[in-house]
Structure formats: C-alpha cells, structure tokens
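Colleague: Please find structure.cif (mmCIF, C-alpha atoms) on the next line:
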```cif
data_data
#
loop_
_atom_site.label_atom_id
_atom_site.label_comp_id
_atom_site.auth_asym_id
_atom_site.auth_seq_id
_atom_site.Cartn_x
_atom_site.Cartn_y
_atom_site.Cartn_z
CA MET A 293 -17.90 -24.67 -6.81
CA THR A 294 -15.81 -25.90 -3.88
CA SER A 295 -17.00 -24.08 -0.80
CA LEU A 296 -15.39 -23.24 2.54
CA VAL A 297 -16.32 -23.76 6.17
CA LEU A 298 -14.65 -21.55 8.76
CA VAL A 299 -14.64 -22.97 12.29
CA GLY A 300 -13.50 -21.05 15.34
CA HIS A 301 -14.24 -19.63 18.77
CA SER A 302 -15.41 -16.16 17.84
CA PRO A 303 -18.34 -15.37 15.53
CA GLU A 304 -17.02 -11.83 15.07
CA LEU A 305 -13.64 -13.10 13.98
CA LEU A 306 -15.19 -15.49 11.47
CA ARG A 307 -17.60 -12.91 10.07
CA ALA A 308 -14.68 -10.55 9.53
CA LEU A 309 -12.65 -13.29 7.91
CA ARG A 310 -15.57 -14.13 5.63
CA ALA A 311 -15.62 -10.47 4.57
CA MET A 312 -11.89 -10.66 3.78
CA VAL A 313 -12.45 -13.81 1.78
CA ALA A 314 -15.32 -12.21 -0.12
CA GLN A 315 -13.06 -9.32 -1.17
CA SER A 316 -10.85 -11.74 -3.07
CA ALA A 317 -13.40 -14.38 -4.06
CA PRO A 318 -16.98 -13.09 -3.80
CA ALA A 319 -18.52 -16.07 -5.61
CA VAL A 320 -17.21 -18.73 -3.25
CA PRO A 321 -19.77 -19.93 -0.69
CA VAL A 322 -18.41 -19.58 2.86
CA ALA A 323 -20.22 -21.03 5.87
CA ILE A 324 -19.09 -20.12 9.38
CA ALA A 325 -19.43 -21.85 12.74
CA GLY A 326 -18.09 -19.72 15.56
CA GLY A 327 -19.10 -19.46 19.20
CA THR A 328 -21.41 -21.58 21.30
CA ALA A 329 -25.13 -22.13 20.73
CA VAL A 330 -25.79 -19.32 23.19
CA GLY A 331 -23.46 -16.84 21.57
CA ASN A 332 -20.36 -17.01 23.75
CA LEU A 333 -16.77 -17.56 22.71
CA GLY A 334 -16.24 -21.25 22.13
CA THR A 335 -17.01 -24.01 19.68
CA SER A 336 -20.15 -26.05 19.17
CA SER A 337 -20.28 -29.30 17.24
CA PRO A 338 -23.96 -28.95 16.21
CA ALA A 339 -23.18 -25.54 14.75
CA ILE A 340 -20.17 -26.94 12.91
CA ARG A 341 -22.21 -29.82 11.52
CA ASP A 342 -24.90 -27.42 10.28
CA ALA A 343 -22.30 -25.17 8.67
CA MET A 344 -20.70 -28.12 6.89
CA ARG A 345 -24.11 -29.23 5.58
CA ALA A 346 -24.87 -25.70 4.38
CA ALA A 347 -21.51 -25.51 2.63
CA LEU A 348 -22.02 -28.89 0.98
CA ALA A 349 -25.43 -27.83 -0.29
CA ALA A 350 -24.01 -24.56 -1.63
CA SER A 351 -21.15 -26.36 -3.37
CA GLY A 352 -23.50 -28.14 -5.76
CA GLY A 353 -21.79 -31.44 -4.97
CA ASP A 354 -18.23 -30.18 -5.40
CA GLY A 355 -17.51 -30.39 -1.68
CA ALA A 356 -16.24 -28.18 1.10
CA VAL A 357 -12.87 -27.46 2.72
CA VAL A 358 -12.90 -26.77 6.47
CA LEU A 359 -10.41 -24.39 8.10
CA LEU A 360 -10.22 -24.04 11.85
CA ASP A 361 -8.63 -22.10 14.65
CA LEU A 362 -7.09 -23.44 17.80
CA GLY A 363 -7.78 -25.70 20.73
CA SER A 364 -11.24 -27.17 21.03
CA ALA A 365 -12.13 -26.39 17.42
CA VAL A 366 -10.63 -29.69 16.34
CA LEU A 367 -12.44 -31.61 19.08
CA ALA A 368 -15.81 -30.13 18.17
CA LEU A 369 -15.12 -30.62 14.47
CA GLU A 370 -14.28 -34.27 15.02
CA MET A 371 -17.59 -34.82 16.76
CA ALA A 372 -19.50 -32.90 14.12
CA LEU A 373 -17.98 -35.10 11.42
CA GLU A 374 -19.05 -38.22 13.28
CA GLU A 375 -22.64 -37.02 13.12
CA MET A 376 -22.54 -36.76 9.34
CA SER A 377 -23.19 -39.56 6.90
CA ALA A 378 -20.35 -41.32 5.11
CA ALA A 379 -21.62 -39.82 1.85
CA GLU A 380 -21.41 -36.32 3.30
CA ARG A 381 -17.95 -36.94 4.73
CA THR A 382 -16.55 -37.98 1.36
CA ARG A 383 -17.16 -34.40 0.17
CA ILE A 384 -15.49 -32.75 3.19
CA ARG A 385 -11.78 -32.02 3.59
CA VAL A 386 -10.15 -30.52 6.67
CA SER A 387 -7.13 -28.30 6.19
CA ARG A 388 -4.07 -28.19 8.44
CA GLY A 389 -3.38 -24.70 7.14
CA PRO A 390 -3.59 -21.42 9.08
CA LEU A 391 -7.13 -20.06 9.31
CA VAL A 392 -6.72 -16.58 7.81
CA GLU A 393 -4.14 -17.20 5.11
CA GLY A 394 -5.56 -20.62 4.31
CA ALA A 395 -9.09 -19.30 3.89
CA VAL A 396 -8.15 -16.47 1.55
CA ARG A 397 -5.80 -18.63 -0.49
CA ALA A 398 -8.30 -21.50 -0.70
CA ALA A 399 -11.14 -19.21 -1.73
CA VAL A 400 -9.16 -17.72 -4.58
CA GLU A 401 -8.32 -21.22 -5.78
CA ALA A 402 -11.94 -22.34 -5.45
CA ALA A 403 -13.14 -19.29 -7.39
CA GLY A 404 -10.96 -20.45 -10.26
CA GLY A 405 -12.90 -23.70 -10.41
CA ALA A 406 -10.32 -25.90 -8.66
CA SER A 407 -11.24 -29.36 -7.40
CA LEU A 408 -11.86 -30.12 -3.74
CA ASP A 409 -8.45 -31.72 -3.28
CA ARG A 410 -6.69 -28.91 -5.10
CA VAL A 411 -8.33 -26.32 -2.84
CA LEU A 412 -7.28 -28.39 0.17
CA ALA A 413 -3.71 -28.56 -1.12
CA VAL A 414 -3.33 -24.80 -1.45
CA ALA A 415 -4.86 -24.21 1.99
CA ASP A 416 -2.47 -26.76 3.50
CA ALA A 417 0.49 -25.24 1.67
CA GLU A 418 -0.01 -22.00 3.59
CA ARG A 419 1.50 -23.80 6.59
CA GLU A 420 4.87 -23.50 4.93
CA ALA A 421 4.40 -20.05 3.45
CA ASP A 422 6.87 -17.52 4.81
CA LYS A 423 5.16 -14.21 5.45
CA LEU A 424 8.40 -12.37 6.11
CA PRO A 425 10.80 -11.43 3.32
CA PRO A 426 13.90 -13.64 3.00
CA ASP A 427 16.22 -10.87 4.20
CA TRP A 428 14.12 -10.13 7.29
CA LEU A 429 16.85 -11.18 9.74
CA ALA A 430 19.02 -8.43 8.26
CA GLY A 431 16.64 -6.05 9.98
CA PRO A 432 13.44 -4.36 8.87
CA ALA A 433 14.03 -1.58 6.37
CA ALA A 434 17.51 -1.05 7.75
CA MET B 100 -37.28 -36.82 37.45
CA ASP B 101 -36.25 -38.10 40.85
CA GLY B 102 -33.71 -40.73 39.83
CA LEU B 103 -30.03 -40.55 40.66
CA LEU B 104 -28.94 -38.97 37.39
CA PRO B 105 -31.29 -35.96 37.35
CA ARG B 106 -30.53 -35.50 41.05
CA TRP B 107 -26.82 -35.62 40.35
CA LEU B 108 -26.97 -33.20 37.47
CA ARG B 109 -28.99 -30.70 39.50
CA LEU B 110 -26.59 -31.01 42.42
CA ALA B 111 -23.64 -30.69 40.04
CA ALA B 112 -25.13 -27.52 38.57
CA GLY B 113 -25.23 -25.99 42.05
CA ARG B 114 -21.67 -27.04 42.85
CA VAL B 115 -20.38 -25.75 39.54
CA ALA B 116 -22.14 -22.43 40.12
CA GLU B 117 -20.49 -22.18 43.55
CA ALA B 118 -17.09 -23.00 42.05
CA ARG B 119 -17.54 -20.74 39.04
CA GLU B 120 -15.08 -18.06 40.18
CA ARG B 121 -12.55 -20.57 41.48
CA LEU B 122 -12.55 -22.56 38.22
CA THR B 123 -12.32 -19.41 36.18
CA ASP B 124 -9.41 -18.15 38.27
CA LEU B 125 -7.61 -21.48 37.86
CA ASP B 126 -8.17 -21.26 34.11
CA ALA B 127 -7.07 -17.62 33.98
CA ALA B 128 -3.74 -18.70 35.46
CA ILE B 129 -2.90 -21.24 32.75
CA GLY B 130 -5.62 -21.12 30.08
CA ASP B 131 -8.15 -18.71 28.64
CA GLY B 132 -9.98 -17.88 31.84
CA ASP B 133 -13.44 -19.11 31.01
CA HIS B 134 -13.73 -22.64 32.43
CA GLY B 135 -15.98 -21.72 35.37
CA ILE B 136 -18.13 -19.44 33.25
CA ASN B 137 -18.47 -22.03 30.49
CA LEU B 138 -19.25 -24.97 32.72
CA ASP B 139 -21.70 -22.93 34.79
CA ARG B 140 -23.53 -21.92 31.62
CA GLY B 141 -23.80 -25.55 30.49
CA PHE B 142 -24.87 -27.03 33.81
CA ARG B 143 -27.27 -24.19 34.47
CA GLU B 144 -28.94 -25.01 31.15
CA LEU B 145 -28.98 -28.70 32.06
CA ALA B 146 -30.65 -27.96 35.40
CA ARG B 147 -33.13 -25.65 33.71
CA ARG B 148 -34.11 -28.37 31.27
CA ILE B 149 -34.44 -30.96 34.00
CA ASP B 150 -36.70 -28.65 36.00
CA ALA B 151 -38.75 -27.85 32.90
CA ASP B 152 -39.08 -31.57 32.06
CA ASP B 153 -37.33 -30.70 28.84
CA LEU B 154 -34.82 -33.54 29.18
CA PRO B 155 -35.70 -37.23 29.25
CA GLY B 156 -35.95 -38.34 32.89
CA GLU B 157 -35.32 -41.98 32.01
CA PRO B 158 -34.00 -44.39 31.08
CA PRO B 159 -30.56 -43.40 32.42
CA ALA B 160 -29.02 -44.05 28.98
CA ALA B 161 -31.27 -41.38 27.48
CA VAL B 162 -30.64 -38.93 30.33
CA LEU B 163 -26.89 -39.13 29.81
CA ALA B 164 -27.12 -38.88 26.03
CA ALA B 165 -29.33 -35.81 26.24
CA ALA B 166 -27.14 -34.23 28.90
CA GLY B 167 -24.14 -34.74 26.65
CA ARG B 168 -25.88 -32.98 23.78
CA VAL B 169 -26.78 -30.02 25.98
CA LEU B 170 -23.23 -29.68 27.32
CA MET B 171 -21.76 -29.95 23.86
CA GLY B 172 -23.92 -27.15 22.54
CA THR B 173 -23.69 -24.74 25.45
CA VAL B 174 -20.36 -25.09 27.25
CA GLY B 175 -18.02 -24.33 24.37
CA GLY B 176 -14.30 -24.82 24.55
CA ALA B 177 -12.52 -28.10 25.00
CA SER B 178 -14.40 -28.88 28.20
CA GLY B 179 -17.74 -28.74 26.37
CA ALA B 180 -16.58 -31.19 23.75
CA LEU B 181 -14.89 -33.46 26.29
CA TYR B 182 -17.65 -33.54 28.90
CA GLY B 183 -20.30 -33.69 26.20
CA ARG B 184 -18.62 -36.67 24.62
CA ALA B 185 -18.07 -38.30 28.02
CA PHE B 186 -21.77 -38.11 28.89
CA GLN B 187 -22.79 -39.37 25.48
CA ARG B 188 -20.45 -42.34 25.64
CA ALA B 189 -21.58 -43.16 29.16
CA GLY B 190 -25.15 -43.13 27.85
CA ALA B 191 -24.19 -45.38 24.96
CA ALA B 192 -22.58 -47.85 27.36
CA LEU B 193 -25.79 -48.01 29.40
CA ALA B 194 -27.88 -48.39 26.26
CA GLU B 195 -25.78 -51.41 25.32
CA LEU B 196 -26.32 -52.93 28.76
CA ASP B 197 -30.06 -52.24 28.46
CA GLN B 198 -30.12 -54.27 25.28
CA ARG B 199 -28.26 -57.08 26.99
CA GLU B 200 -30.80 -56.99 29.78
CA VAL B 201 -33.64 -57.28 27.28
CA ALA B 202 -31.82 -60.32 25.91
CA GLY B 203 -31.86 -61.86 29.39
CA TYR B 204 -28.46 -60.82 30.76
CA PRO B 205 -29.06 -58.25 33.50
CA VAL B 206 -26.08 -56.44 35.01
CA ALA B 207 -25.93 -55.14 38.59
CA ARG B 208 -26.30 -51.38 38.96
CA GLU B 209 -22.78 -51.00 40.41
CA ALA B 210 -21.33 -52.73 37.35
CA ARG B 211 -23.54 -50.67 35.04
CA ALA B 212 -22.23 -47.50 36.62
CA ALA B 213 -18.67 -48.81 36.29
CA ALA B 214 -19.16 -49.51 32.59
CA ALA B 215 -20.67 -46.08 32.00
CA PHE B 216 -17.91 -44.34 33.91
CA ALA B 217 -15.18 -46.31 32.14
CA SER B 218 -16.66 -45.40 28.76
CA ALA B 219 -16.79 -41.74 29.76
CA VAL B 220 -13.13 -41.72 30.81
CA ASP B 221 -12.09 -43.57 27.66
CA ALA B 222 -13.99 -41.01 25.59
CA VAL B 223 -12.13 -38.11 27.19
CA ALA B 224 -8.79 -39.82 26.62
CA ALA B 225 -9.60 -40.67 23.02
CA LEU B 226 -11.00 -37.30 21.99
CA GLY B 227 -8.29 -35.34 23.80
CA ARG B 228 -5.52 -37.71 22.70
CA ALA B 229 -4.30 -37.41 26.27
CA THR B 230 -2.91 -39.71 28.94
CA PRO B 231 -2.63 -39.17 32.71
CA GLY B 232 0.26 -36.95 33.74
CA GLU B 233 -0.39 -34.24 31.16
CA LYS B 234 -2.25 -31.92 33.55
CA THR B 235 -5.78 -32.56 32.27
CA MET B 236 -9.11 -33.84 33.56
CA LEU B 237 -7.73 -37.34 33.08
CA ASP B 238 -5.48 -36.81 36.09
CA ALA B 239 -8.67 -36.75 38.17
CA LEU B 240 -10.78 -39.16 36.11
CA VAL B 241 -8.36 -42.05 35.69
CA PRO B 242 -7.57 -42.46 39.42
CA ALA B 243 -11.31 -42.13 40.08
CA ARG B 244 -12.09 -44.92 37.66
CA ALA B 245 -9.45 -47.13 39.30
CA ALA B 246 -10.79 -46.37 42.78
CA TYR B 247 -14.33 -47.15 41.66
CA ALA B 248 -13.26 -50.45 40.11
CA ALA B 249 -11.32 -51.41 43.25
CA ALA B 250 -14.34 -50.61 45.43
CA LEU B 251 -16.49 -52.73 43.17
CA GLU B 252 -14.11 -55.68 43.62
CA GLU B 253 -14.56 -55.34 47.36
CA GLY B 254 -18.32 -55.40 47.03
CA VAL B 255 -18.78 -51.79 48.18
CA THR B 256 -22.18 -50.18 47.47
CA LEU B 257 -22.73 -47.65 44.71
CA ALA B 258 -22.72 -44.80 47.22
CA GLY B 259 -19.50 -46.00 48.82
CA ALA B 260 -17.78 -46.63 45.50
CA THR B 261 -18.68 -43.21 44.09
CA ALA B 262 -17.41 -41.60 47.31
CA ARG B 263 -14.08 -43.36 46.85
CA ALA B 264 -14.01 -42.29 43.22
CA ALA B 265 -14.65 -38.68 44.23
CA ALA B 266 -11.87 -38.78 46.83
CA ALA B 267 -9.47 -40.23 44.25
CA ALA B 268 -10.45 -37.50 41.77
CA GLU B 269 -9.84 -34.77 44.35
CA ALA B 270 -6.43 -36.20 45.20
CA GLY B 271 -5.63 -36.59 41.52
CA ALA B 272 -6.59 -32.99 40.82
CA GLN B 273 -4.24 -31.78 43.57
CA ARG B 274 -1.44 -33.81 42.03
CA THR B 275 -1.72 -31.79 38.81
CA ILE B 276 -0.15 -28.77 40.54
CA PRO B 277 3.51 -29.73 39.92
CA LEU B 278 2.79 -31.12 36.44
CA LEU B 279 3.87 -29.55 33.17
CA ALA B 280 0.90 -29.07 30.82
CA THR B 281 1.35 -30.68 27.43
CA LYS B 282 -2.25 -30.44 26.19
CA GLY B 283 -4.56 -27.55 25.46
CA ARG B 284 -4.02 -23.85 25.90
CA ALA B 285 -2.04 -24.42 29.13
CA SER B 286 0.67 -26.09 27.08
CA TYR B 287 1.39 -22.73 25.42
CA LEU B 288 2.82 -21.64 28.78
CA GLY B 289 5.40 -24.42 28.91
CA GLU B 290 7.26 -24.37 32.24
CA ARG B 291 5.02 -21.56 33.51
CA SER B 292 2.15 -24.05 33.73
CA ILE B 293 3.92 -25.74 36.64
CA GLY B 294 2.61 -24.78 40.07
CA HIS B 295 -1.04 -24.39 39.08
CA LEU B 296 -3.94 -26.76 39.64
CA ASP B 297 -5.52 -27.85 36.38
CA PRO B 298 -9.04 -26.40 36.05
CA GLY B 299 -10.34 -29.41 34.11
CA ALA B 300 -9.13 -31.83 36.78
CA ALA B 301 -10.70 -29.55 39.40
CA SER B 302 -14.09 -29.55 37.66
CA SER B 303 -13.97 -33.32 37.15
CA ALA B 304 -13.46 -33.74 40.89
CA ILE B 305 -16.40 -31.41 41.58
CA LEU B 306 -18.69 -33.41 39.28
CA LEU B 307 -17.69 -36.72 40.87
CA ARG B 308 -18.14 -35.34 44.39
CA ALA B 309 -21.63 -34.24 43.41
CA LEU B 310 -22.31 -37.74 42.08
CA ALA B 311 -21.12 -39.32 45.33
CA ASP B 312 -23.28 -36.96 47.38
CA ALA B 313 -26.31 -37.62 45.18
CA ALA B 314 -25.75 -41.37 45.50
CA ALA B 315 -25.35 -41.09 49.29
CA ASP B 316 -28.74 -39.40 49.70
CA PRO B 317 -31.05 -42.09 51.11
CA ALA B 318 -34.06 -40.38 49.54
CA VAL B 319 -32.70 -40.95 46.04
CA PRO B 320 -33.38 -44.22 44.21
CA VAL B 321 -30.05 -45.28 42.79
CA ASP B 322 -31.09 -47.11 39.64
CA VAL B 323 -28.68 -46.48 36.83
#
```
Will you turn the file into structure tokens for me?

Modeller:
Amino acid sequence: MTSLVLVGHSPELLRALRAMVAQSAPAVPVAIAGGTAVGNLGTSSPAIRDAMRAALAASGGDGAVVLLDLGSAVLALEMALEEMSAAERTRIRVSRGPLVEGAVRAAVEAAGGASLDRVLAVADAEREADKLPPDWLAGPAA
Amino acid sequence: MDGLLPRWLRLAAGRVAEARERLTDLDAAIGDGDHGINLDRGFRELARRIDADDLPGEPPAAVLAAAGRVLMGTVGGASGALYGRAFQRAGAALAELDQREVAGYPVAREARAAAAFASAVDAVAALGRATPGEKTMLDALVPARAAYAAALEEGVTLAGATARAAAAAEAGAQRTIPLLATKGRASYLGERSIGHLDPGAASSAILLRALADAAADPAVPVDV
C-alpha cells in the first residue's frame, strides 16, 4: 500500500496530524519526521531520510508520498533525498499540496489501493481545493 | 585536535554563544525568533564533540564533512540545512584537492581554503535558490568570497585574507538592513522586513570573523 511521510518542524503537530489521518485511513502506514535530532522545533535531514526509508519498507514496494510544511522543510528534504539511492528515490514522490488537507486526502486514496502517482495527484490537487463555500463573499450565514 | 579547523569551530561556538540573544532578537524581528538558539545548540554540540574527540581531527576534509553532519542534525531550520550543506561541500572540495595532491598536483593552502570557501558559498546559493540582494546569508558570504579571492590575487597570507573576508562579511551584513526580504520566513513580512539586519547574514559574519581570528593566532598551525 502506498504510504505517507509527513515532514515538518514540530513533532507534536505531525503526531496529531498522523492521528487525524488514522481516523480516516487507519491501514495506511504514515512515517513522520518533525523537529531536530535533539527534539527542538526544526527540521533534520537524517530524520527525514530515516522516515522515508521506514515508509518505503512499510509500503511493500508500492512507494511513499511525502508532504511537508514550510520553510526549511524543503531544504532538509532535498538533502535527505540526495542521501538515498536512485532505486529508493524512484519510489518516492513529493507533493506540492498543503500538509493537513493533502495528508488526509492522500491517505484515503492510498487506503483504496491507489497507485503512488495517483496518491500524489490527489495530494497535489488539494492546492486548488477551495475550503470556503462558493457564496462565502456574500457573508457567512448572513 | 589543534589544527585551524577545530580551533575555528571551538572559537565560533564561543562567539555564537555570546551572540545568541542578539541573533535571536534579529530573527524575532523578521523571522521565527530562534536563529541564535538554534545555532548555539549546533555549535555547542560541535564544540562538545571536538573536546570529546568525537569528531575527526583531520584531515580537514573529514573535519568539515563531519561538522556539516552535526550542524544538519542539531541546528534545525533553514540555517541548519544551509550551514550543514556549506560545511559538507567545503569538505568535499578539500577531499577533491587531496586526491589531486596524491596524484602529484599539490595546491597551496590559501588556494585550498579559497576552493573550500567558494564551494560552501555556492552550496548555500544552490540549496537556498538565492542570490545576493535578497537579505540572506549570501549578502555576507558573497562579498566575503570576493574579498578573499582578491586578497589571494595580491598574495596575502591566509590570516590576512580571512580577515579581509570577515570584514567584507560584516559590511555585507550591515547592508542587508535596507533590503526587502524575498526568501525564507522574513519574506512573509514583505515591506516590513525593511530596516532590519538579516540574522543569517549576521551569523555568517560572526563565523567568518571567528575563522579570521583563529587563523591569526600564531600558535595555530594553519594547514587546511
């Protein structure tokens, strides 16, 4: 099953997000890499690399989609990817989607047995998803 | 562990610790307020490992590579990734020159340092997708690299060239004050980022000043 990797600055935030994901898709493996090696807010490329490897192993060869938060997450992720083998990297996709919505949406898709690229596509599509109703500018519950 | 690099890193750890509050205040103004805390944590760990002989003391290529790994794992934030990568690439540049030396093409230590420094600056620019003028560490590092290269052309010693690089970095950091940030968390502030010194440029200047001071110490062998 396609698995997920959540990358961010806060381990608490990612643990909570993993719990949200598990509510909707309990069978989907979710690895997290949040905070520095010494437990502070921040990102750590060794931790990200290890999480990606764990997710790949749990996916049974189906691959893993990475979702990330802001700022240095992408820098650390880039370096973590460079430390992986070409064979490992072919089974990793990185989503441009928002972390929370993308993770929940991707997990539900993965739970349905979707391919790696399909899971990536739905996570990415959350970039365009409008979370406000179309008539929102008319005023909330006017 | 008495070579220039361990000496520099220890000195840098002390300077970063002294500047911890200042760097954090600078970052609080336009970022997420943790630059001094983060960098202090990373350099403190580096110094601890050097003192515990838990970091290779030589060759310089291995010192830099190991230092980069430590910074990457402990600093967190963009500065951890950027400085970690910079140290690693500087180490890789020296490793390449070591191989050339084995093959019978030795390079003078000033030129070795220049190659390492240039690789470090290139690494920061490449990973951060940044150019000078965007209110980042590059605004200190790029002028420093140019000053070092110019000093090298004039035949200045390693100590003199690193001192010029440090002065150029300090001047470059000051010049970030009127700049508009277009990279990192400071860019979220837009126009409000103007009028503040960039914390990354400030810490780059601190690290280069520590290098110059370490290189100027007559008791320190300056093999790099």

Colleague: So that I can check the surroundings of range 274-288 of chain B, please list as a compact mmCIF listing (two decimals) with C-alpha atoms, in the coordinates of the input every protein, DNA and RNA residue that reaches within 7 Å of it, counting all atoms listed in the file and ignoring chain neighbours fewer than 2 positions away.

Modeller:
```
# COMPACT_ATOMS: atom_id res chain seq x y z
CA GLY A 363 -7.78 -25.70 20.73
CA ILE B 129 -2.90 -21.24 32.75
CA GLY B 130 -5.62 -21.12 30.08
CA GLY B 232 0.26 -36.95 33.74
CA GLU B 233 -0.39 -34.24 31.16
CA LYS B 234 -2.25 -31.92 33.55
CA ASP B 238 -5.48 -36.81 36.09
CA ALA B 270 -6.43 -36.20 45.20
CA GLY B 271 -5.63 -36.59 41.52
CA ALA B 272 -6.59 -32.99 40.82
CA GLU B 290 7.26 -24.37 32.24
CA ARG B 291 5.02 -21.56 33.51
CA SER B 292 2.15 -24.05 33.73
CA ILE B 293 3.92 -25.74 36.64
CA GLY B 294 2.61 -24.78 40.07
CA HIS B 295 -1.04 -24.39 39.08
CA LEU B 296 -3.94 -26.76 39.64
CA ASP B 297 -5.52 -27.85 36.38
```

Colleague: Hey, list the chain A side of the contact with chain B: 7 Å cut-off, only C-alpha atoms, answer as a ChimeraX atom specification.

Modeller: /A:328-330,334-338,363-364,367-368

Colleague: Spell out the residues picked by the PyMOL selection byres ((chain A and resi 294) around 6) here, as an MDAnalysis selection string.

Modeller: chainID A and resid 293 295 351 354:356 402 408

Colleague: Using CA of Val299 in chain A and CA of Gly394 in chain A as the two end points, give the distance in Å to one decimal.

Modeller: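 Pair CA of Val299 in chain A / CA of Gly394 in chain A returns 12.3 Å.
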
Colleague: List the spatial neighbours of Ala311 in chain B as a ChimeraX atom specification - criterion: any atom at most 7 Å away, all atoms listed in the file, same-chain residues fewer than 2 positions off excluded.

Modeller: /B:258,261-262,265,307-309,313-315

Colleague: Might you spell out which residues the PyMOL selection byres ((chain B and resi 136) around 12) would select in the displayed file, as a PyMOL selection string?

Modeller: (chain A and resi 332-334) or (chain B and resi 112+115-127+131-135+137-143+173-176+178-179+298+302)

Colleague: Pick the closest to Ala399 in chain A from A:Ala317, A:Leu362, A:Ile324, A:Leu424: which is it, counting all atoms listed in the file?

Modeller: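 Of the candidates, the smallest distance to Ala399 in chain A is held by A:Ala317.
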
Colleague: Compare A:Val313, A:Met371, A:Met376, A:Val366 by their minimum atom-to-atom distance to Arg388 in chain A, counting only C-alpha atoms, and give me the closest one.

Modeller: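 Residue with the minimum atom-to-atom distance to Arg388 in chain A: A:Val366.
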
Colleague: Quick check, in Å to one decimal: how far apart do CA of Ala239 in chain B and CA of Ala304 in chain B lie?

Modeller: 6.3 Å

Colleague: Evaluated on this file, the PyMOL selection byres ((chain A and resi 392) around 10) picks out some residues - which ones are they, written as a list of chain:residue names?

Modeller: A:Leu298, A:Leu305, A:Leu306, A:Leu309, A:Arg310, A:Met312, A:Val313, A:Leu359, A:Leu360, A:Asp361, A:Gly389, A:Pro390, A:Leu391, A:Glu393, A:Gly394, A:Ala395, A:Val396, A:Arg397, A:Ala398, A:Ala415, A:Glu418

Colleague: Given the selection you just returned, output its residues as a file containing C-alpha atoms, formatted as an mmCIF file, in the frame of the given file.

Modeller:
```cif
data_model
loop_
_atom_site.group_PDB
_atom_site.id
_atom_site.type_symbol
_atom_site.label_atom_id
_atom_site.label_comp_id
_atom_site.auth_asym_id
_atom_site.auth_seq_id
_atom_site.Cartn_x
_atom_site.Cartn_y
_atom_site.Cartn_z
ATOM 1 C CA LEU A 298 -14.650 -21.550 8.760
ATOM 2 C CA LEU A 305 -13.640 -13.100 13.980
ATOM 3 C CA LEU A 306 -15.190 -15.490 11.470
ATOM 4 C CA LEU A 309 -12.650 -13.290 7.910
ATOM 5 C CA ARG A 310 -15.570 -14.130 5.630
ATOM 6 C CA MET A 312 -11.890 -10.660 3.780
ATOM 7 C CA VAL A 313 -12.450 -13.810 1.780
ATOM 8 C CA LEU A 359 -10.410 -24.390 8.100
ATOM 9 C CA LEU A 360 -10.220 -24.040 11.850
ATOM 10 C CA ASP A 361 -8.630 -22.100 14.650
ATOM 11 C CA GLY A 389 -3.380 -24.700 7.140
ATOM 12 C CA PRO A 390 -3.590 -21.420 9.080
ATOM 13 C CA LEU A 391 -7.130 -20.060 9.310
ATOM 14 C CA GLU A 393 -4.140 -17.200 5.110
ATOM 15 C CA GLY A 394 -5.560 -20.620 4.310
ATOM 16 C CA ALA A 395 -9.090 -19.300 3.890
ATOM 17 C CA VAL A 396 -8.150 -16.470 1.550
ATOM 18 C CA ARG A 397 -5.800 -18.630 -0.490
ATOM 19 C CA ALA A 398 -8.300 -21.500 -0.700
ATOM 20 C CA ALA A 415 -4.860 -24.210 1.990
ATOM 21 C CA GLU A 418 -0.010 -22.000 3.590
#
```

Colleague: One number please: CA of Leu369 in chain A to CA of Val241 in chain B, in Å, one decimal.

Modeller: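 These atoms are spaced 25.0 Å apart.
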
Colleague: Using only C-alpha atoms, which of A:Gly405, A:Pro426, A:Gln315, A:Ile340 sits nearest Val297 in chain A?

Modeller: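 Of the candidates, the smallest distance to Val297 in chain A is held by A:Ile340.
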
Colleague: Which centre and which edge lengths, in Å to one decimal, describe the axis-aligned box that holds all listed atoms of range 114-132 of chain B after 6 Å is added on each side, as lines of an AutoDock Vina configuration file?

Modeller:
```
center_x = -12.5
center_y = -22.3
center_z = 36.1
size_x = 31.2
size_y = 21.4
size_z = 26.9
```

Colleague: Out of B:Ala146, B:Ala192, B:Leu310, B:Ala222, which residue has the shortest atom-to-atom distance to Gly259 in chain B when counting all atoms listed in the file?

Modeller: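 Once distances to Gly259 in chain B are computed over all atoms listed in the file, the minimum belongs to B:Leu310.
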
Colleague: Taking only C-alpha atoms into account, which of B:Ala214, B:Ala207, B:Leu163, B:Ala189 comes nearest Leu145 in chain B?

Modeller: B:Leu163

Colleague: Near Ser303 in chain B, within 8 Å and counting all atoms listed in the file, which residues show up once chain neighbours fewer than 3 positions away are dropped, as a short mmCIF file (atom, residue, chain, number, x, y, z; two decimals) with C-alpha atoms, keeping the file's coordinate frame?

Modeller:
```cif
data_model
loop_
_atom_site.label_atom_id
_atom_site.label_comp_id
_atom_site.auth_asym_id
_atom_site.auth_seq_id
_atom_site.Cartn_x
_atom_site.Cartn_y
_atom_site.Cartn_z
CA MET B 236 -9.11 -33.84 33.56
CA ALA B 239 -8.67 -36.75 38.17
CA LEU B 240 -10.78 -39.16 36.11
CA ALA B 268 -10.45 -37.50 41.77
CA GLY B 299 -10.34 -29.41 34.11
CA ALA B 300 -9.13 -31.83 36.78
CA LEU B 306 -18.69 -33.41 39.28
CA LEU B 307 -17.69 -36.72 40.87
#
```

Colleague: Could you check the closest approach to Glu157 in chain B for each of B:Ile305, B:Ala111, B:Ala267, B:Leu104 and tell me which residue wins, using all atoms listed in the file?

Modeller: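 That would be B:Leu104, the residue with the smallest distance to Glu157 in chain B.
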